[in-house]
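Taking it in order: structure first as structure tokens, then the write-up.
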Amino acid sequence: MLENIISELEKQFQLEAVDHNSSDLVFLTIDRDHAVMAIDLLKWKFGYKHFVLLTAVDFLEEGKFQLTYILNNPDTKTDIGVRVRIDREDANMVSAHHLWPTVATYQRELKEMFGIDFPGSPRLNDPFILEGWEGTPPYRRDFDTKAFAASFYHQREGRTTNDPATYMKEKLYPNE
Amino acid sequence: MGTLKDILSPFSVWKQVLKEPVTIKDPLNRAGSDRYRGFHQNEIDRCIGCGTCEAICENEAIDMVGVASIASKDGDSGLRPMVDYGRCCWCALCVDVCTTGSLKLSNVYTWVDTDPDNFRFIPGIDKKPWDNAEKGYVKPDNYELYPLERVSMDHLHPEERDHSFIEIMKGYSDEEALIEADRCVSCGICTATCPAHMGIPEYIKAIRNKDVEEGLRIMYETNPLPEICGRICTHKCETVCSLGHRGDPISIRWLKRYIADQVPESAYADVLRQDSVEQNDKKIAIIGAGPAGLSAAYYLRQLGYQVKIYEKLQAAGGMMRYGIPEYRLPYDQIDKDVNYILSQGVDIQYNVEVGKDISFSDLHKQYNAVYVATGLHQGRSTRIPGTDHKSVYQAIELLRKITNNEEIEVAEKIVVIGGGNVAMDITRSLARMQKEKYGKVQIIATSLEAEGKMPADLEEIVEAREENATINPGWGPREILIENDKIKGLKVVKCLDVFDAEGRFNPSFDESEEAFFEADMVVESIGQGADLGFIAPEFMEQLEKDHRGRIMVDPLTYQSTLPWLFVGGDIIEGPDVIHGVANGHKAAKGIDLFLNK
Amino acid sequence: MSKKEFFPMDGDRTKYPEIKSDGTADIDLSSHKYIKLWHGPNHPGITGNMAVELTLCGDEVVEGITHVGYLHRGFEKLMERRKYIQNFPLVCRIAVPEPDYNEYNYATCIENLTGIDVPEKGMWLRTLTLEMARLQGFLMWIGGMAGAIGFGTVGQWANYCRDLVLDRFEELTGGRIYHIYILPGGVRNDIPEGFKDRMEKNLREIEGFMKDIRRAFFDNYVFKKRSVGVGYIDPAWVFDYGIVGPNARAAGFKHDIRKNYPYAKYAELDFEITTAKDSDIYTRAFLRFEELLKDIDLIRQILDKMPEKGDHISKVSNMMNLKIPAGETYVRSECTRGEYGYYLVADGSEYPRRVNVRGPSYTHGVALLEKMLVNVNIADVAQLMVSLHTYPPEIER
């Protein structure tokens, strides 16, 4: 069933990768400019009308963000994950809020937490989870949560720990 | 929507007024359930301070801290977990991962104190009211966060191997090595016990990362004989492995072999990338190309010294080649390790006996330092009546001849005296030759030590028995009976204990319980001694020795009382390969220290 | 000022306030017709720590904006620097009253990507904890629902009943709130002896209370008067706003993941999807009450059908060193609020590349709530929020 949809999609779009996770879940990769069109088609033509989620994955090493839209067809009980790779520099993506009003919330979160722009999405720049955050959007992989916590919060004093191998060397054979 | 019923119905629950309240009247003394995850308990004597609890704690609530009353020793880091209850979330993953099973959570969860710092303590050391609580969370049965069973290695079965000298253990496949390496919890307890202090968790991690080349580099930092040690190391590391407390220890030795096996000899130079050593013109002579000599040569070359090894026999390897049989350590594997060391610019001369072909004082004159690592190649005799018969042999001599392909006597019935690894080596070698010559095995190995106390590795004893050799321990040899100049057999009496109350070697016997082992040939294998006759008397006099006549050296540098003379290998400690590797390495550093003062 | 002038849209309230071309409401705060009121963030009812910024005209809400972030810990980000196994004590905190769904989804993601099997009994025990979680989640919700409109006593009874379920959780898992019971390969511990009998005793007591709660709360003129016809969800909104779970079922959408995408052992259990029509506050509340009673029945079925013997967890490789090959998966399950999903991306390392939690409150608590708040009486805001059953931590994660 999913195979038919994919071959239909392949007629219209260039699918960069198709990964079958199981018989009812498939992930496919479409380029940035055509992804929302494909989602539009999936929603109206193929019945993928339940919008499950939209999120981003940071592939820092490759300089890319992956946006994942998971769509569900409640009648055929199948899911399609639409993946889009966008540049990390000046990250932006076509908004999909016109397809489902609730998508605007996801896009607002991605703007705040990843710094990905969705031009035209309602209330995109309103703070969502953070208040007055400045600097690297915190869900990017180059934001170091541990360093942030260490500098931002009070750390209990007097805590030290030892690595067993190093400690045993100090105690048993310090000069070797 | 609203009906009269909806107005009246709510009044029917007035009956609740008459019910007893359900409030817990004394919440501070409410008992937690049997499995409740409350405050930690740690059985301090069982805990070995491996730190896996700290490693798994996602809250960083556990610190490993030194405890005054617990000393670091083999298999116990001396550290104990200190829990910060400001961070602990009582998930009990620390309990599940605990390698010894010492850590538990009691079902006590209420404790009031005004000082926040009191909520940071070492369970088991700092006494708490719940230390003896019986209930609480213990790791459930049938559930482990890591496999406790070791991956067994494919090997030749007794009927396939009992007539040949083909290597028994076949080595791990990639998949097997990955599974075995995956079991390691990377605690690092093993490193201290390894005489060479190898980076064991690090090279096992390299296997997990499928980077055997990195693994090889890590091994060469502390051990230039990985193919050899990967096969015949006495693996003291495995005896202290934290997983050994509840399951099988990690097969550290086989994993070491796996790494070395994966890298072909031709790739070593590329992998180890060691050509950019700064050279100097100081010269070192090494006597003996055994593990200690080779190790010292390798690390001296890494430091830029000009090294020459003098070897009495026709090939390098020492006891590894001339003592250990081929079925445990094939010669091509010795060659692989040795060739790489020699390729580092080590000069070696074979068939040269110091003291005969070249004098010791000449070495002293020609070289800046001399390292003696000649090992223990002189077999000791029991000196019981009959040992002067021509069919009574020293195990070590026979093993050397087998390596050299020399003809040796293989009688139909043989008795081996000795219970160590050398005794097992000769027993199993002769058993193979008997099988080939006679089609059956009639060899008995007997030792003073009783079953279970023999110094040989258990697997050697088991495998010898699988090959139809008889191992009959617990007897003291009394006499080799000879009739018409032919050996009839060995008369033995029951040995009660090998050591006396003070732990000294002083066997006691039950003379009334005798036995007789029929034999045409007897092999003695009760230990070896050093032959240091090549050291000229004027030097020997200047060397400090202990009460048993052994040369004393500095334990860190292996320097003797003659500053230019360093002594190591089996002469000083062991006897085994890994001690030789370790003290060869230390001697190299000691020589460097001496020459750079 | 005439009444007409003050309430220019009196009549068709849905057209008030006027919506400008950019989609925002035409509200002039300087006109003195409006006041701003912050509802929360101090735990307004059982909805947790979220705030609704209300703009009121008289006692009528003309605009509501959801503010979350008061519980933000960055769970998803924290998970990226913890090994897979280390995340189990973390994920359960994303939905406090129903931690088991997080454990289940996360563990199933790992199992999907690594091929770890779960033994039969382990699966039954998972199903048991999931149903127990639903039961106690609904009980806690009843407390909130009743409390939001002043039925505090009913809330006390419901929370006492929840405590009974927590007692069983404590006995089964060793923890009352955070169970950390479901792990890759099964569950951590076998079921204790006599558990079934003690559970049955609790279920009977809960059923007794439920009869009283029905009489005192659901068959109650006051509650009906306040909630029927208020907070209506149009079936047309279901997909637009990603409405799931009881909120969608009450609007006639016959959709329950336990039935439509059977996971764990639900295919072997006998139950029907509960649906209703005209999703107003009362309908949704009553539908949840019915589901609660069905959960009691399901727990009985599970305990009856669960095999006595068998492993509760399979043998796994070293969890401290677990690496998951590059890949991604999505796993969903039906919690009290609807579709709870985990999207896991692995990159071959010992750490997840990304974990995204799809909490049902994400859509219910933000876009939907903001839409539904318009034209609601200020007195009904609390019960409207509770009737959508939101858990803020799963919004902000």
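Residues are named by chain letter and number: chains run A, B, ... in the order of the structure tokens, numbers start at 1 in each chain, and ligands are numbered from 1 in the order shown.
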- Task: Please give the complete set of residues from region 484-562 of chain B that DSSP, run on the backbone, assigns to strand (DSSP E), formatted as a ChimeraX atom specification.
- Result: /B:486-499,505-518,521-524,528-530
Writer output for current selection, C-alpha atoms, as an mmCIF file, in the first residue's frame:
```cif
data_model
loop_
_atom_site.group_PDB
_atom_site.id
_atom_site.type_symbol
_atom_site.label_atom_id
_atom_site.label_comp_id
_atom_site.auth_asym_id
_atom_site.auth_seq_id
_atom_site.Cartn_x
_atom_site.Cartn_y
_atom_site.Cartn_z
ATOM 1 C CA LYS B 486 65.553 -50.302 33.064
ATOM 2 C CA ILE B 487 63.129 -47.955 34.802
ATOM 3 C CA LYS B 488 60.174 -49.845 36.300
ATOM 4 C CA GLY B 489 58.330 -46.880 37.686
ATOM 5 C CA LEU B 490 57.988 -44.219 40.360
ATOM 6 C CA LYS B 491 57.241 -44.946 43.988
ATOM 7 C CA VAL B 492 55.234 -42.227 45.731
ATOM 8 C CA VAL B 493 53.634 -41.596 49.131
ATOM 9 C CA LYS B 494 50.588 -39.510 49.938
ATOM 10 C CA CYS B 495 51.359 -35.842 50.397
ATOM 11 C CA LEU B 496 49.237 -34.303 53.140
ATOM 12 C CA ASP B 497 50.240 -30.688 52.805
ATOM 13 C CA VAL B 498 52.817 -28.809 50.827
ATOM 14 C CA PHE B 499 53.214 -25.892 53.207
ATOM 15 C CA PHE B 505 57.432 -24.902 51.621
ATOM 16 C CA ASN B 506 57.716 -27.922 53.917
ATOM 17 C CA PRO B 507 55.689 -30.883 52.653
ATOM 18 C CA SER B 508 54.279 -33.413 55.101
ATOM 19 C CA PHE B 509 53.577 -36.980 54.026
ATOM 20 C CA ASP B 510 51.546 -39.975 55.085
ATOM 21 C CA GLU B 511 54.222 -42.666 54.630
ATOM 22 C CA SER B 512 51.660 -45.417 55.124
ATOM 23 C CA GLU B 513 49.814 -44.597 51.916
ATOM 24 C CA GLU B 514 52.010 -45.630 49.033
ATOM 25 C CA ALA B 515 51.454 -45.895 45.340
ATOM 26 C CA PHE B 516 53.465 -47.002 42.363
ATOM 27 C CA PHE B 517 53.276 -45.517 38.877
ATOM 28 C CA GLU B 518 54.639 -47.863 36.224
ATOM 29 C CA MET B 521 60.769 -43.032 31.419
ATOM 30 C CA VAL B 522 60.518 -40.247 34.019
ATOM 31 C CA VAL B 523 60.420 -36.502 33.408
ATOM 32 C CA GLU B 524 61.147 -34.051 36.171
ATOM 33 C CA GLN B 528 63.828 -24.087 36.949
ATOM 34 C CA GLY B 529 66.748 -22.037 38.147
ATOM 35 C CA ALA B 530 68.898 -19.333 36.662
#
```
Please build the interface table for chain A against chain C with a cut-off of 6 Å, listing for each qualifying residue the nearest atom pair and the distance in Å to one decimal; count only C-alpha atoms, order rows by chain and increasing number, and write it as a Markdown table.
```
| residue | atom | partner | partner_atom | distance |
| --- | --- | --- | --- | --- |
| A:His50 | CA | C:Phe239 | CA | 5.4 |
| A:Trp100 | CA | C:Asp240 | CA | 4.7 |
| A:Pro101 | CA | C:Asp240 | CA | 5.9 |
| A:Thr102 | CA | C:Tyr241 | CA | 5.0 |
| A:Ile129 | CA | C:Gly69 | CA | 4.2 |
```
- Can you list, as number ranges by chain, every protein, DNA or RNA residue that comes within 8 Å of Leu294 (chain B) when you count only C-alpha atoms, leaving out same-chain residues fewer than 2 positions away? B: 289-292, 296-298, 317, 338, 341, 581, 584
Counting only C-alpha atoms, what are the residues of chain B within 8 Å of chain A, and for each of them which pair of atoms is the nearest and at what distance in Å, to one decimal? Sort the table by chain and rising number, as a tab-separated table.
```
residue	atom	partner	partner_atom	distance
B:Gly49	CA	A:Pro164	CA	7.0
B:Cys50	CA	A:Pro164	CA	6.2
B:Gly51	CA	A:Pro164	CA	6.7
B:Asp63	CA	A:Thr161	CA	4.7
B:Met64	CA	A:Thr161	CA	5.0
B:Val65	CA	A:Thr161	CA	5.8
B:Ser72	CA	A:Met168	CA	6.3
B:Lys73	CA	A:Leu172	CA	7.4
B:Ser77	CA	A:Pro164	CA	5.6
B:Gly78	CA	A:Met168	CA	7.8
B:Leu79	CA	A:Pro164	CA	7.0
B:Cys187	CA	A:Pro164	CA	6.9
B:Gly188	CA	A:Ala165	CA	4.9
B:Ile189	CA	A:Ala165	CA	5.8
B:Cys190	CA	A:Ala165	CA	7.9
B:Thr191	CA	A:Ala165	CA	6.4
B:Ala192	CA	A:Met168	CA	6.3
B:Leu556	CA	A:Glu176	CA	6.8
B:Lys586	CA	A:Glu176	CA	7.5
```
Write to file, as a PDB file, in the first residue's frame, the residues of the selection just made, with N, CA, C and O atoms.
```pdb
ATOM      1  N   GLY B  49      34.621  -1.202  44.666  1.00  0.00           N
ATOM      2  CA  GLY B  49      34.900   0.161  44.197  1.00  0.00           C
ATOM      3  C   GLY B  49      35.153   0.252  42.706  1.00  0.00           C
ATOM      4  O   GLY B  49      36.016   0.988  42.263  1.00  0.00           O
ATOM      5  N   CYS B  50      34.377  -0.521  41.921  1.00  0.00           N
ATOM      6  CA  CYS B  50      34.620  -0.526  40.474  1.00  0.00           C
ATOM      7  C   CYS B  50      34.037   0.711  39.801  1.00  0.00           C
ATOM      8  O   CYS B  50      34.408   1.030  38.678  1.00  0.00           O
ATOM      9  N   GLY B  51      33.107   1.371  40.473  1.00  0.00           N
ATOM     10  CA  GLY B  51      32.610   2.645  39.934  1.00  0.00           C
ATOM     11  C   GLY B  51      31.595   2.528  38.819  1.00  0.00           C
ATOM     12  O   GLY B  51      31.261   3.530  38.194  1.00  0.00           O
ATOM     13  N   ASP B  63      29.715   9.781  43.842  1.00  0.00           N
ATOM     14  CA  ASP B  63      31.144  10.048  43.736  1.00  0.00           C
ATOM     15  C   ASP B  63      31.880   8.838  44.285  1.00  0.00           C
ATOM     16  O   ASP B  63      31.459   8.257  45.288  1.00  0.00           O
ATOM     17  N   MET B  64      32.988   8.467  43.647  1.00  0.00           N
ATOM     18  CA  MET B  64      33.810   7.391  44.186  1.00  0.00           C
ATOM     19  C   MET B  64      34.880   8.041  45.060  1.00  0.00           C
ATOM     20  O   MET B  64      35.710   8.806  44.566  1.00  0.00           O
ATOM     21  N   VAL B  65      34.849   7.727  46.345  1.00  0.00           N
ATOM     22  CA  VAL B  65      35.771   8.394  47.263  1.00  0.00           C
ATOM     23  C   VAL B  65      36.593   7.365  48.029  1.00  0.00           C
ATOM     24  O   VAL B  65      36.150   6.248  48.290  1.00  0.00           O
ATOM     25  N   SER B  72      43.689   0.137  48.876  1.00  0.00           N
ATOM     26  CA  SER B  72      43.639  -0.346  47.495  1.00  0.00           C
ATOM     27  C   SER B  72      44.445  -1.624  47.406  1.00  0.00           C
ATOM     28  O   SER B  72      45.528  -1.726  47.971  1.00  0.00           O
ATOM     29  N   LYS B  73      43.914  -2.598  46.709  1.00  0.00           N
ATOM     30  CA  LYS B  73      44.663  -3.835  46.482  1.00  0.00           C
ATOM     31  C   LYS B  73      44.171  -4.466  45.190  1.00  0.00           C
ATOM     32  O   LYS B  73      43.220  -3.966  44.576  1.00  0.00           O
ATOM     33  N   SER B  77      39.588  -1.274  44.289  1.00  0.00           N
ATOM     34  CA  SER B  77      40.206   0.040  44.117  1.00  0.00           C
ATOM     35  C   SER B  77      40.391   0.756  45.447  1.00  0.00           C
ATOM     36  O   SER B  77      41.166   1.687  45.538  1.00  0.00           O
ATOM     37  N   GLY B  78      39.645   0.325  46.464  1.00  0.00           N
ATOM     38  CA  GLY B  78      39.705   1.029  47.737  1.00  0.00           C
ATOM     39  C   GLY B  78      38.754   2.209  47.794  1.00  0.00           C
ATOM     40  O   GLY B  78      38.624   2.861  48.821  1.00  0.00           O
ATOM     41  N   LEU B  79      38.090   2.463  46.676  1.00  0.00           N
ATOM     42  CA  LEU B  79      37.095   3.545  46.648  1.00  0.00           C
ATOM     43  C   LEU B  79      35.729   2.972  47.015  1.00  0.00           C
ATOM     44  O   LEU B  79      35.484   1.782  46.871  1.00  0.00           O
ATOM     45  N   CYS B 187      35.498  -0.631  33.921  1.00  0.00           N
ATOM     46  CA  CYS B 187      35.771  -0.098  35.259  1.00  0.00           C
ATOM     47  C   CYS B 187      37.256   0.168  35.458  1.00  0.00           C
ATOM     48  O   CYS B 187      37.635   1.059  36.196  1.00  0.00           O
ATOM     49  N   GLY B 188      38.134  -0.629  34.807  1.00  0.00           N
ATOM     50  CA  GLY B 188      39.570  -0.385  34.915  1.00  0.00           C
ATOM     51  C   GLY B 188      40.240  -1.001  36.134  1.00  0.00           C
ATOM     52  O   GLY B 188      41.412  -0.738  36.400  1.00  0.00           O
ATOM     53  N   ILE B 189      39.520  -1.847  36.871  1.00  0.00           N
ATOM     54  CA  ILE B 189      40.103  -2.532  38.038  1.00  0.00           C
ATOM     55  C   ILE B 189      41.279  -3.421  37.605  1.00  0.00           C
ATOM     56  O   ILE B 189      42.248  -3.607  38.336  1.00  0.00           O
ATOM     57  N   CYS B 190      41.189  -3.954  36.390  1.00  0.00           N
ATOM     58  CA  CYS B 190      42.186  -4.905  35.892  1.00  0.00           C
ATOM     59  C   CYS B 190      43.558  -4.269  35.684  1.00  0.00           C
ATOM     60  O   CYS B 190      44.585  -4.927  35.833  1.00  0.00           O
ATOM     61  N   THR B 191      43.578  -2.985  35.323  1.00  0.00           N
ATOM     62  CA  THR B 191      44.829  -2.353  34.904  1.00  0.00           C
ATOM     63  C   THR B 191      45.917  -2.438  35.981  1.00  0.00           C
ATOM     64  O   THR B 191      47.079  -2.688  35.684  1.00  0.00           O
ATOM     65  N   ALA B 192      45.534  -2.243  37.234  1.00  0.00           N
ATOM     66  CA  ALA B 192      46.525  -2.266  38.299  1.00  0.00           C
ATOM     67  C   ALA B 192      47.122  -3.658  38.459  1.00  0.00           C
ATOM     68  O   ALA B 192      48.304  -3.808  38.782  1.00  0.00           O
ATOM     69  N   LEU B 556      61.893  -0.327  40.734  1.00  0.00           N
ATOM     70  CA  LEU B 556      61.327   0.537  39.701  1.00  0.00           C
ATOM     71  C   LEU B 556      62.183   0.570  38.441  1.00  0.00           C
ATOM     72  O   LEU B 556      61.659   0.675  37.342  1.00  0.00           O
ATOM     73  N   LYS B 586      60.210  -1.438  32.273  1.00  0.00           N
ATOM     74  CA  LYS B 586      60.701  -0.594  33.379  1.00  0.00           C
ATOM     75  C   LYS B 586      62.209  -0.448  33.315  1.00  0.00           C
ATOM     76  O   LYS B 586      62.757   0.630  33.589  1.00  0.00           O
TER      77      LYS B 586
END
```
- Query: Neighbours of region 154-165 of chain B within 6 Å (only C-alpha atoms; same-chain residues fewer than 5 positions away dropped), as a PyMOL selection string?
  - Reply: chain B and resi 170+326-327+432+435-436+466-467
- Residue set, region 291-535 of chain B restricted to helix (DSSP H, G or I), as a PyMOL selection string: chain B and resi 291-302+319-322+331-343+360-366+395-403+421-438+458-466
For chain B against chain C, with a cut-off of 9 Å and counting only C-alpha atoms, what is the closest atom pair and its distance in Å to one decimal for every residue that makes the cut, ordered by chain and number, as a Markdown table?
```
| residue | atom | partner | partner_atom | distance |
| --- | --- | --- | --- | --- |
| B:Met1 | CA | C:Lys224 | CA | 7.0 |
| B:Gly2 | CA | C:Tyr221 | CA | 5.3 |
| B:Thr3 | CA | C:Tyr221 | CA | 7.2 |
| B:Leu4 | CA | C:Tyr221 | CA | 8.2 |
| B:Lys5 | CA | C:Asp219 | CA | 7.4 |
| B:Asp6 | CA | C:Asn220 | CA | 4.6 |
| B:Ile7 | CA | C:Tyr221 | CA | 5.3 |
| B:Leu8 | CA | C:Asn220 | CA | 8.2 |
| B:Ser9 | CA | C:Arg215 | CA | 5.2 |
| B:Pro10 | CA | C:Ala216 | CA | 3.9 |
| B:Phe11 | CA | C:Ala216 | CA | 7.2 |
| B:Ser12 | CA | C:Arg215 | CA | 7.2 |
| B:Val13 | CA | C:Asp212 | CA | 5.8 |
| B:Gln16 | CA | C:Asp212 | CA | 8.8 |
| B:Val22 | CA | C:Tyr160 | CA | 7.8 |
| B:Thr23 | CA | C:Tyr160 | CA | 9.0 |
| B:Gly32 | CA | C:Glu170 | CA | 8.1 |
| B:Ser33 | CA | C:Glu171 | CA | 5.4 |
| B:Asp34 | CA | C:Glu171 | CA | 6.8 |
| B:Arg35 | CA | C:Gly174 | CA | 4.7 |
| B:Tyr36 | CA | C:Gly174 | CA | 4.0 |
| B:Arg37 | CA | C:Gly174 | CA | 5.3 |
| B:Gly38 | CA | C:Gly174 | CA | 8.7 |
| B:Ala55 | CA | C:Met320 | CA | 8.6 |
| B:Ile56 | CA | C:Gln86 | CA | 6.5 |
| B:Cys57 | CA | C:Gln86 | CA | 7.1 |
| B:Glu58 | CA | C:Gln86 | CA | 5.4 |
| B:Asn59 | CA | C:Gln86 | CA | 9.0 |
| B:Cys89 | CA | C:Pro89 | CA | 7.6 |
| B:Trp90 | CA | C:Gly175 | CA | 8.5 |
| B:Cys91 | CA | C:Pro89 | CA | 6.0 |
| B:Ala92 | CA | C:Ile180 | CA | 8.8 |
| B:Leu93 | CA | C:Gln86 | CA | 8.2 |
| B:Val97 | CA | C:Met320 | CA | 8.7 |
| B:Asn107 | CA | C:Gly174 | CA | 8.6 |
| B:Gly136 | CA | C:Gly174 | CA | 8.1 |
| B:Tyr137 | CA | C:Gly174 | CA | 6.9 |
| B:Lys139 | CA | C:Asn189 | CA | 8.4 |
| B:Pro140 | CA | C:Asn189 | CA | 5.8 |
| B:Asp141 | CA | C:Asn189 | CA | 8.0 |
| B:Asn142 | CA | C:Asp311 | CA | 7.2 |
| B:Tyr143 | CA | C:Ile313 | CA | 6.3 |
| B:Glu144 | CA | C:Lys315 | CA | 7.2 |
| B:Leu145 | CA | C:Met319 | CA | 5.4 |
| B:Tyr146 | CA | C:Asn318 | CA | 3.8 |
| B:Pro147 | CA | C:Ser317 | CA | 6.0 |
| B:Ile179 | CA | C:Ser317 | CA | 7.7 |
| B:Asp182 | CA | C:Asn318 | CA | 5.9 |
| B:Arg183 | CA | C:Asn318 | CA | 5.4 |
| B:Cys184 | CA | C:Asn318 | CA | 7.8 |
| B:Val185 | CA | C:Met320 | CA | 6.9 |
| B:Arg208 | CA | C:Asn321 | CA | 8.4 |
```
Using only C-alpha atoms, please write the residues we just selected to a file, as a PDB file, in the first residue's frame.
```pdb
ATOM      1  CA  MET B   1     -30.357  17.676  30.667  1.00  0.00           C
ATOM      2  CA  GLY B   2     -31.020  18.350  34.325  1.00  0.00           C
ATOM      3  CA  THR B   3     -33.669  16.094  35.812  1.00  0.00           C
ATOM      4  CA  LEU B   4     -35.053  15.686  39.279  1.00  0.00           C
ATOM      5  CA  LYS B   5     -32.781  12.674  39.643  1.00  0.00           C
ATOM      6  CA  ASP B   6     -29.779  14.914  39.080  1.00  0.00           C
ATOM      7  CA  ILE B   7     -30.883  17.058  41.972  1.00  0.00           C
ATOM      8  CA  LEU B   8     -31.499  14.196  44.375  1.00  0.00           C
ATOM      9  CA  SER B   9     -28.705  11.836  43.370  1.00  0.00           C
ATOM     10  CA  PRO B  10     -25.792  13.745  44.948  1.00  0.00           C
ATOM     11  CA  PHE B  11     -27.464  13.528  48.384  1.00  0.00           C
ATOM     12  CA  SER B  12     -27.161   9.740  48.321  1.00  0.00           C
ATOM     13  CA  VAL B  13     -23.430   9.941  49.018  1.00  0.00           C
ATOM     14  CA  GLN B  16     -19.469   8.741  53.233  1.00  0.00           C
ATOM     15  CA  VAL B  22      -8.252   6.971  55.160  1.00  0.00           C
ATOM     16  CA  THR B  23      -5.477   9.341  56.150  1.00  0.00           C
ATOM     17  CA  GLY B  32       7.703   1.026  52.158  1.00  0.00           C
ATOM     18  CA  SER B  33       6.754  -1.963  50.034  1.00  0.00           C
ATOM     19  CA  ASP B  34       9.049  -4.984  49.892  1.00  0.00           C
ATOM     20  CA  ARG B  35      10.700  -3.693  46.733  1.00  0.00           C
ATOM     21  CA  TYR B  36      10.634  -0.039  47.628  1.00  0.00           C
ATOM     22  CA  ARG B  37      13.545   1.967  46.329  1.00  0.00           C
ATOM     23  CA  GLY B  38      14.655   3.923  49.390  1.00  0.00           C
ATOM     24  CA  ALA B  55      29.141   5.494  35.504  1.00  0.00           C
ATOM     25  CA  ILE B  56      25.475   4.632  35.048  1.00  0.00           C
ATOM     26  CA  CYS B  57      24.128   7.348  37.356  1.00  0.00           C
ATOM     27  CA  GLU B  58      22.515   9.803  34.984  1.00  0.00           C
ATOM     28  CA  ASN B  59      22.178  12.364  37.766  1.00  0.00           C
ATOM     29  CA  CYS B  89      16.399  10.009  41.936  1.00  0.00           C
ATOM     30  CA  TRP B  90      16.155   6.497  43.383  1.00  0.00           C
ATOM     31  CA  CYS B  91      16.027   4.844  39.996  1.00  0.00           C
ATOM     32  CA  ALA B  92      18.238   2.008  41.284  1.00  0.00           C
ATOM     33  CA  LEU B  93      20.086   1.547  38.015  1.00  0.00           C
ATOM     34  CA  VAL B  97      24.593  -2.496  37.237  1.00  0.00           C
ATOM     35  CA  ASN B 107      12.727   0.242  51.729  1.00  0.00           C
ATOM     36  CA  GLY B 136      14.051  -3.042  49.794  1.00  0.00           C
ATOM     37  CA  TYR B 137      15.116  -3.181  46.188  1.00  0.00           C
ATOM     38  CA  LYS B 139      18.393  -6.575  41.525  1.00  0.00           C
ATOM     39  CA  PRO B 140      15.708  -9.039  40.430  1.00  0.00           C
ATOM     40  CA  ASP B 141      16.680 -12.485  39.189  1.00  0.00           C
ATOM     41  CA  ASN B 142      16.721 -13.234  35.451  1.00  0.00           C
ATOM     42  CA  TYR B 143      17.499  -9.636  34.671  1.00  0.00           C
ATOM     43  CA  GLU B 144      20.933  -8.303  33.848  1.00  0.00           C
ATOM     44  CA  LEU B 145      22.047  -5.096  32.199  1.00  0.00           C
ATOM     45  CA  TYR B 146      24.977  -6.986  30.673  1.00  0.00           C
ATOM     46  CA  PRO B 147      25.595 -10.638  29.802  1.00  0.00           C
ATOM     47  CA  ILE B 179      30.017  -9.574  21.801  1.00  0.00           C
ATOM     48  CA  ASP B 182      30.619  -5.460  24.650  1.00  0.00           C
ATOM     49  CA  ARG B 183      30.370  -7.186  28.046  1.00  0.00           C
ATOM     50  CA  CYS B 184      33.142  -5.013  29.509  1.00  0.00           C
ATOM     51  CA  VAL B 185      31.903  -2.331  31.884  1.00  0.00           C
ATOM     52  CA  ARG B 208      33.753  -2.131  20.326  1.00  0.00           C
TER      53      ARG B 208
END
```
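Using only C-alpha atoms, the smallest distance between any of A:Thr76, A:Asn125, A:Ser151, A:Asn92 and Ile5 (chain A) comes from A:Thr76.
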- Item | Spatial neighbours of Ser361 (chain B), max dist 9 Å, only C-alpha atoms, sep filter under 6 positions, as a VMD selection string | chain B and resid 355 535 to 536 539
- Task: Name the residues in contact with Asp24 (chain A) at a cut-off of 10 Å, using only C-alpha atoms, excluding same-chain residues fewer than 5 positions from it; report them as a VMD selection string.
- Result: chain A and resid 1 to 2 72 76 to 80
What would the file look like if the residues just selected were written as a short mmCIF file (atom, residue, chain, number, x, y, z; two decimals), in the first residue's frame with C-alpha atoms?
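Dumped to again.cif:
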```
data_model
loop_
_atom_site.label_atom_id
_atom_site.label_comp_id
_atom_site.auth_asym_id
_atom_site.auth_seq_id
_atom_site.Cartn_x
_atom_site.Cartn_y
_atom_site.Cartn_z
CA MET A 1 0.00 0.00 0.00
CA LEU A 2 2.75 2.40 0.97
CA ASN A 72 -0.75 9.51 9.61
CA THR A 76 -5.16 2.82 6.18
CA LYS A 77 -3.37 3.05 9.55
CA THR A 78 -0.06 3.89 7.94
CA ASP A 79 2.49 6.61 8.64
CA ILE A 80 4.79 8.52 6.37
#
```
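Put simply, CA of Ile414 (chain B) is 24.5 Å away from CA of Met320 (chain B).
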